[in-house]
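Structure file my_file_27.pdb; described as PDB, C-alpha atoms.
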```pdb
ATOM      1  CA  MET O   1      -1.703  92.942  69.410
ATOM      2  CA  LYS O   2      -2.132  94.676  66.098
ATOM      3  CA  VAL O   3      -5.446  96.080  67.163
ATOM      4  CA  LYS O   4      -3.871  97.472  70.312
ATOM      5  CA  MET O   5      -1.130  99.198  68.328
ATOM      6  CA  VAL O   6      -3.648 100.821  65.986
ATOM      7  CA  THR O   7      -5.690 102.026  68.958
ATOM      8  CA  THR O   8      -2.585 103.560  70.543
ATOM      9  CA  VAL O   9      -1.676 105.402  67.357
ATOM     10  CA  THR O  10      -5.232 106.691  66.995
ATOM     11  CA  THR O  11      -5.224 107.961  70.589
ATOM     12  CA  VAL O  12      -1.883 109.748  70.155
ATOM     13  CA  THR O  13      -3.095 111.316  66.905
ATOM     14  CA  THR O  14      -6.268 112.535  68.577
ATOM     15  CA  VAL O  15      -4.370 114.038  71.502
ATOM     16  CA  THR O  16      -1.897 115.675  69.119
ATOM     17  CA  THR O  17      -4.732 117.150  67.070
ATOM     18  CA  VAL O  18      -6.422 118.559  70.167
ATOM     19  CA  THR O  19      -3.116 119.984  71.407
ATOM     20  CA  LEU O  20      -2.444 121.668  68.073
ATOM     21  CA  ALA O  21      -5.946 123.112  68.031
ATOM     22  CA  ILE O  22      -5.402 124.627  71.478
ATOM     23  CA  LEU O  23      -2.045 126.089  70.462
ATOM     24  CA  ILE O  24      -3.472 127.594  67.289
ATOM     25  CA  ALA O  25      -6.438 129.084  69.137
ATOM     26  CA  GLY O  26      -4.062 130.750  71.576
ATOM     27  CA  ALA O  27      -1.809 132.213  68.894
ATOM     28  CA  PRO O  28      -1.817 136.050  68.641
ATOM     29  CA  GLY O  29      -2.858 136.055  64.982
ATOM     30  CA  ALA O  30      -5.626 133.501  65.361
ATOM     31  CA  ALA O  31      -7.676 134.894  68.217
ATOM     32  CA  GLU O  32      -9.003 138.062  66.624
ATOM     33  CA  ALA O  33     -12.397 138.179  68.300
ATOM     34  CA  CYS O  34     -11.795 141.823  69.224
ATOM     35  CA  GLY O  35     -10.519 142.631  65.757
ATOM     36  CA  ILE O  36      -7.376 144.218  64.387
ATOM     37  CA  TRP O  37      -6.709 147.232  62.208
ATOM     38  CA  ARG O  38      -3.796 148.500  60.163
ATOM     39  CA  LEU O  39      -2.160 151.829  59.491
ATOM     40  CA  LYS O  40       0.027 152.357  56.443
ATOM     41  CA  ASP O  41       2.975 154.544  57.376
ATOM     42  CA  SER O  42       3.972 155.961  53.999
ATOM     43  CA  GLY O  43       6.757 158.009  55.581
ATOM     44  CA  LEU O  44       8.585 154.913  56.832
ATOM     45  CA  LYS O  45       7.123 152.613  54.147
ATOM     46  CA  ARG O  46       5.864 150.232  56.819
ATOM     47  CA  GLU O  47       2.567 148.714  57.863
ATOM     48  CA  VAL O  48       1.469 149.021  61.491
ATOM     49  CA  THR O  49      -0.922 146.426  62.926
ATOM     50  CA  PHE O  50      -2.916 147.220  66.054
ATOM     51  CA  TYR O  51      -4.155 144.372  68.241
ATOM     52  CA  VAL O  52      -5.892 144.868  71.595
ATOM     53  CA  GLU O  53      -2.635 144.725  73.565
ATOM     54  CA  ASN O  54       0.113 144.745  70.918
ATOM     55  CA  VAL O  55       1.399 147.015  68.174
ATOM     56  CA  LEU O  56       3.388 145.283  65.437
ATOM     57  CA  VAL O  57       5.402 146.896  62.649
ATOM     58  CA  SER O  58       6.380 145.261  59.378
ATOM     59  CA  PRO O  59       9.853 145.565  57.835
ATOM     60  CA  PRO O  60      10.305 148.466  55.382
ATOM     61  CA  ARG O  61       8.689 147.880  52.006
ATOM     62  CA  GLY O  62      10.846 145.665  49.817
ATOM     63  CA  LYS O  63      12.582 143.964  52.730
ATOM     64  CA  ARG O  64      11.732 140.535  54.046
ATOM     65  CA  GLY O  65      11.339 139.562  57.645
ATOM     66  CA  PRO O  66       8.774 139.061  60.400
ATOM     67  CA  ARG O  67       6.722 141.824  61.907
ATOM     68  CA  LYS O  68       8.155 143.182  65.118
ATOM     69  CA  MET O  69       6.201 143.929  68.281
ATOM     70  CA  VAL O  70       7.143 147.490  69.214
ATOM     71  CA  LEU O  71       4.612 148.263  71.946
ATOM     72  CA  ARG O  72       2.800 146.157  74.532
ATOM     73  CA  LEU O  73      -0.342 147.920  75.692
ATOM     74  CA  SER O  74      -2.360 147.646  78.861
ATOM     75  CA  GLY O  75      -5.270 149.402  80.569
ATOM     76  CA  GLN O  76      -8.968 148.981  81.199
ATOM     77  CA  SER O  77     -10.074 151.778  78.867
ATOM     78  CA  ALA O  78      -8.838 154.557  76.609
ATOM     79  CA  GLU O  79      -8.440 156.703  79.729
ATOM     80  CA  THR O  80      -5.985 154.297  81.339
ATOM     81  CA  MET O  81      -4.291 153.016  78.172
ATOM     82  CA  HIS O  82      -0.492 152.853  78.437
ATOM     83  CA  SER O  83       2.441 150.828  77.191
ATOM     84  CA  LYS O  84       4.453 148.531  79.415
ATOM     85  CA  LEU O  85       8.095 147.602  79.618
ATOM     86  CA  GLY O  86       8.323 144.483  81.706
ATOM     87  CA  ARG O  87       5.877 145.047  84.553
ATOM     88  CA  ARG O  88       6.238 148.814  84.645
ATOM     89  CA  LYS O  89       4.378 151.583  82.870
ATOM     90  CA  HIS O  90       6.465 152.896  80.021
ATOM     91  CA  LEU O  91       4.442 155.422  78.017
ATOM     92  CA  TYR O  92       1.312 156.791  79.670
ATOM     93  CA  PHE O  93      -1.108 159.709  79.469
ATOM     94  CA  GLU O  94      -1.487 162.283  82.202
ATOM     95  CA  GLY O  95      -3.873 165.125  81.474
ATOM     96  CA  ASP O  96      -2.964 166.569  78.079
ATOM     97  CA  THR O  97       0.530 165.071  78.097
ATOM     98  CA  LEU O  98       2.172 161.773  77.221
ATOM     99  CA  ARG O  99       4.923 160.783  79.608
ATOM    100  CA  ARG O 100       7.771 158.326  79.598
ATOM    101  CA  ARG O 101       8.879 157.305  83.071
ATOM    102  CA  GLY O 102       7.552 160.579  84.470
ATOM    103  CA  LYS O 103       9.042 162.878  81.841
ATOM    104  CA  VAL O 104       6.764 164.724  79.395
ATOM    105  CA  ILE O 105       7.547 163.621  75.839
ATOM    106  CA  ALA O 106       4.446 164.886  74.032
ATOM    107  CA  THR O 107       1.527 167.263  74.440
ATOM    108  CA  VAL O 108      -1.954 166.625  73.112
ATOM    109  CA  LYS O 109      -4.394 169.352  72.114
ATOM    110  CA  GLY O 110      -7.550 168.306  70.330
ATOM    111  CA  ASP O 111      -6.572 166.365  67.225
ATOM    112  CA  ALA O 112      -2.940 167.500  67.398
ATOM    113  CA  VAL O 113       0.010 165.945  69.176
ATOM    114  CA  THR O 114       3.424 167.605  69.476
ATOM    115  CA  ILE O 115       6.425 165.342  70.000
ATOM    116  CA  ARG O 116       9.723 167.179  70.470
ATOM    117  CA  LYS O 117       8.565 170.241  68.527
ATOM    118  CA  ARG O 118       7.167 168.123  65.690
ATOM    119  CA  ARG O 119       3.431 168.606  65.327
ATOM    120  CA  PHE O 120       1.160 165.904  63.937
ATOM    121  CA  SER O 121      -2.557 166.093  63.255
ATOM    122  CA  ILE O 122      -4.634 162.928  63.668
ATOM    123  CA  GLY O 123      -7.752 163.166  61.544
ATOM    124  CA  LEU O 124     -10.500 160.706  62.512
ATOM    125  CA  THR O 125     -13.705 160.535  60.499
ATOM    126  CA  HIS O 126     -16.527 158.111  61.170
ATOM    127  CA  HIS O 127     -18.179 156.536  58.121
ATOM    128  CA  PRO O 128     -21.321 154.617  59.152
ATOM    129  CA  GLY O 129     -21.767 153.349  55.596
ATOM    130  CA  TRP O 130     -18.467 151.500  55.573
ATOM    131  CA  ASP O 131     -18.410 147.800  56.316
ATOM    132  CA  PRO O 132     -18.372 147.500  60.107
ATOM    133  CA  PRO O 133     -16.455 147.411  62.263
ATOM    134  CA  HIS O 134     -13.688 149.258  60.333
ATOM    135  CA  SER O 135     -15.745 152.450  60.052
ATOM    136  CA  TRP O 136     -13.151 155.063  61.049
ATOM    137  CA  LYS O 137     -10.860 156.735  58.557
ATOM    138  CA  VAL O 138      -7.493 157.695  60.017
ATOM    139  CA  LYS O 139      -5.217 160.262  58.408
ATOM    140  CA  VAL O 140      -2.044 161.451  60.118
ATOM    141  CA  THR O 141      -0.481 164.594  58.711
ATOM    142  CA  GLN O 142       2.663 166.560  59.420
ATOM    143  CA  GLY O 143       2.125 169.987  57.965
ATOM    144  CA  GLU O 144       0.622 169.407  54.520
ATOM    145  CA  ARG O 145       2.115 165.940  54.157
ATOM    146  CA  VAL O 146       0.109 162.787  54.869
ATOM    147  CA  ILE O 147       2.472 160.377  56.609
ATOM    148  CA  ALA O 148       0.047 157.588  57.559
ATOM    149  CA  SER O 149      -3.504 156.462  56.847
ATOM    150  CA  GLY O 150      -5.838 153.526  57.289
ATOM    151  CA  LYS O 151      -9.253 152.215  58.273
ATOM    152  CA  ALA O 152      -9.583 151.746  62.013
ATOM    153  CA  MET O 153     -11.894 150.287  64.610
ATOM    154  CA  ALA O 154     -12.192 150.468  68.369
ATOM    155  CA  LEU O 155     -10.898 147.282  69.947
ATOM    156  CA  CYS O 156     -12.036 145.622  73.181
ATOM    157  CA  MET O 157     -10.232 147.790  75.711
ATOM    158  CA  GLY O 158     -12.887 148.911  78.173
ATOM    159  CA  MET O 159     -15.743 148.171  75.759
ATOM    160  CA  SER O 160     -17.000 144.829  77.032
ATOM    161  CA  ASP O 161     -20.498 146.238  77.573
ATOM    162  CA  ALA O 162     -20.654 148.146  74.279
ATOM    163  CA  PRO O 163     -23.596 147.525  71.938
ATOM    164  CA  PRO O 164     -22.940 146.311  68.350
ATOM    165  CA  PRO O 165     -21.111 148.923  66.209
ATOM    166  CA  GLU O 166     -24.220 149.799  64.197
ATOM    167  CA  LYS O 167     -26.175 150.598  67.403
ATOM    168  CA  ARG O 168     -23.656 152.834  69.172
ATOM    169  CA  ASP O 169     -24.692 156.405  69.945
ATOM    170  CA  ALA O 170     -22.616 159.603  70.164
ATOM    171  CA  ARG O 171     -21.276 158.695  73.607
ATOM    172  CA  TRP O 172     -19.875 155.401  72.351
ATOM    173  CA  ARG O 173     -18.483 157.079  69.229
ATOM    174  CA  ALA O 174     -16.535 159.471  71.457
ATOM    175  CA  ILE O 175     -15.109 156.498  73.373
ATOM    176  CA  GLU O 176     -14.148 154.793  70.120
ATOM    177  CA  ARG O 177     -12.513 157.959  68.823
ATOM    178  CA  LYS O 178     -10.409 158.465  71.934
ATOM    179  CA  GLU O 179      -9.224 154.861  71.962
ATOM    180  CA  ILE O 180      -8.136 154.977  68.325
ATOM    181  CA  GLN O 181      -6.479 158.385  68.755
ATOM    182  CA  ARG O 182      -4.473 157.224  71.766
ATOM    183  CA  ARG O 183      -3.250 154.118  69.959
ATOM    184  CA  VAL O 184      -2.001 156.327  67.123
ATOM    185  CA  ILE O 185      -0.322 158.729  69.572
ATOM    186  CA  LEU O 186       1.511 155.871  71.280
ATOM    187  CA  TYR O 187       2.686 154.610  67.906
ATOM    188  CA  LEU O 188       3.873 158.097  66.898
ATOM    189  CA  ALA O 189       5.830 158.361  70.153
ATOM    190  CA  TRP O 190       7.564 155.072  69.336
ATOM    191  CA  ARG O 191       8.127 156.217  65.751
ATOM    192  CA  GLN O 192       9.706 159.526  66.716
ATOM    193  CA  LEU O 193      11.558 158.665  69.911
ATOM    194  CA  LEU O 194      12.118 154.929  70.332
ATOM    195  CA  ARG O 195      12.358 153.446  66.844
ATOM    196  CA  LYS O 196      16.124 153.757  66.465
ATOM    197  CA  ARG O 197      16.713 152.310  69.925
ATOM    198  CA  SER O 198      14.660 149.191  69.163
ATOM    199  CA  ARG O 199      16.520 148.187  65.994
TER     200      ARG O 199
END
```
Encoded form (structure tokens):
Amino acid sequence: MKVKMVTTVTTVTTVTTVTLAILIAGAPGAAEACGIWRLKDSGLKREVTFYVENVLVSPPRGKRGPRKMVLRLSGQSAETMHSKLGRRKHLYFEGDTLRRRGKVIATVKGDAVTIRKRRFSIGLTHHPGWDPPHSWKVKVTQGERVIASGKAMALCMGMSDAPPPEKRDARWRAIERKEIQRRVILYLAWRQLLRKRSR
């Protein structure tokens, strides 16, 4: 009888361990096979974390609290990248514009994006010598003022057949650049237009 009880406990413990392992593996912060990167928003004193399909923002510096998911992204590539609200497209690119439910909210021209008459420049510089895969330097400026910066990487959206970072040619670098730029633009749109509504 005692042996049977010990066996039962061992079985339950094993099952519990396996269950916990599965739960941990499925957690957003644990499965980082595609990588993550962070942008420090010095203007808002917050840290922005970019996952493949989520954008999370920390509380303002000096305040405690969990990070908040502010955008849920979808799309098969940088070209089709958009945010979703429920099952519907929320923020999406069309030509040189960013739209929200059909209405133009921003225009994009080269490295610049204008959101309600406020112009931001998104500087992206590739540094092959940096530790891969975070080999892109991001600097967002408004006029002469740097409002955000960080080290970025292209995530897995539409890049399943991409070679390793150190073997990517100019074509792949252009794809990486566009993906990173569009993530930053979507964040800036949230920052300028939706942040107060999501408090």
Selection result for the PyMOL selection byres ((chain O and resi 177) around 9) on this file, as an MDAnalysis selection string: chainID O and resid 124:126 136 153:154 172:176 178:182
Nearby residues (only C-alpha atoms) at most 8 Å from Phe50 in chain O, same-chain spacing under 2 positions excluded, as a ChimeraX atom specification: /O:36-38,48,52-56,183
Straight-line distance linking CA of Arg64 in chain O with CA of Leu193 in chain O, stated in Å to one decimal: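 Between these atoms lies a distance of 24.1 Å.
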Option closest in space to Glu47 in chain O, from O:Ile185, O:Ala148, O:Val138, O:Ile115 [counting all atoms listed in the file]: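 Once distances to Glu47 in chain O are computed over all atoms listed in the file, the minimum belongs to O:Ala148.
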Which of O:Gln192, O:Ser149, O:Ser74, O:Ser135 sits closest to Lys89 in chain O [using all atoms listed in the file]: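 For Lys89 in chain O, the nearest of the candidates is O:Ser74.
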Separation of CA of Gly102 in chain O from CA of Thr114 in chain O, in Å and rounded to one decimal: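 CA of Gly102 in chain O sits 17.1 Å away from CA of Thr114 in chain O.
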Separation of CA of Ala152 in chain O from CA of Leu39 in chain O, in Å and rounded to one decimal: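 Taking CA of Ala152 in chain O as the start and CA of Leu39 in chain O as the end point, the length is 7.8 Å.
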Nearest to Gly150 in chain O by atom-to-atom distance, counting only C-alpha atoms, from O:Asp111, O:Ser77, O:Val184, O:Leu194: O:Val184
Contact residues around Asp96 in chain O with only C-alpha atoms at 7 Å, ignoring same-chain residues under 3 positions, as a list in words: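 Neighbouring residues, sequence-local ones excluded: Thr107, Val108 and Lys109 of chain O.
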Hits of the PyMOL selection byres ((chain O and resi 91) around 8) in this structure, as an NGL selection string: :O and (82-84 or 89-90 or 92-93 or 98-101 or 186)
Store the residues picked out above, limited to C-alpha atoms, as a PDB file, keeping the file's coordinate frame.
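As written to disk, selection13.pdb reads:
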```pdb
ATOM      1  CA  HIS O  82      -0.492 152.853  78.437  1.00  0.00           C
ATOM      2  CA  SER O  83       2.441 150.828  77.191  1.00  0.00           C
ATOM      3  CA  LYS O  84       4.453 148.531  79.415  1.00  0.00           C
ATOM      4  CA  LYS O  89       4.378 151.583  82.870  1.00  0.00           C
ATOM      5  CA  HIS O  90       6.465 152.896  80.021  1.00  0.00           C
ATOM      6  CA  TYR O  92       1.312 156.791  79.670  1.00  0.00           C
ATOM      7  CA  PHE O  93      -1.108 159.709  79.469  1.00  0.00           C
ATOM      8  CA  LEU O  98       2.172 161.773  77.221  1.00  0.00           C
ATOM      9  CA  ARG O  99       4.923 160.783  79.608  1.00  0.00           C
ATOM     10  CA  ARG O 100       7.771 158.326  79.598  1.00  0.00           C
ATOM     11  CA  ARG O 101       8.879 157.305  83.071  1.00  0.00           C
ATOM     12  CA  LEU O 186       1.511 155.871  71.280  1.00  0.00           C
TER      13      LEU O 186
END
```
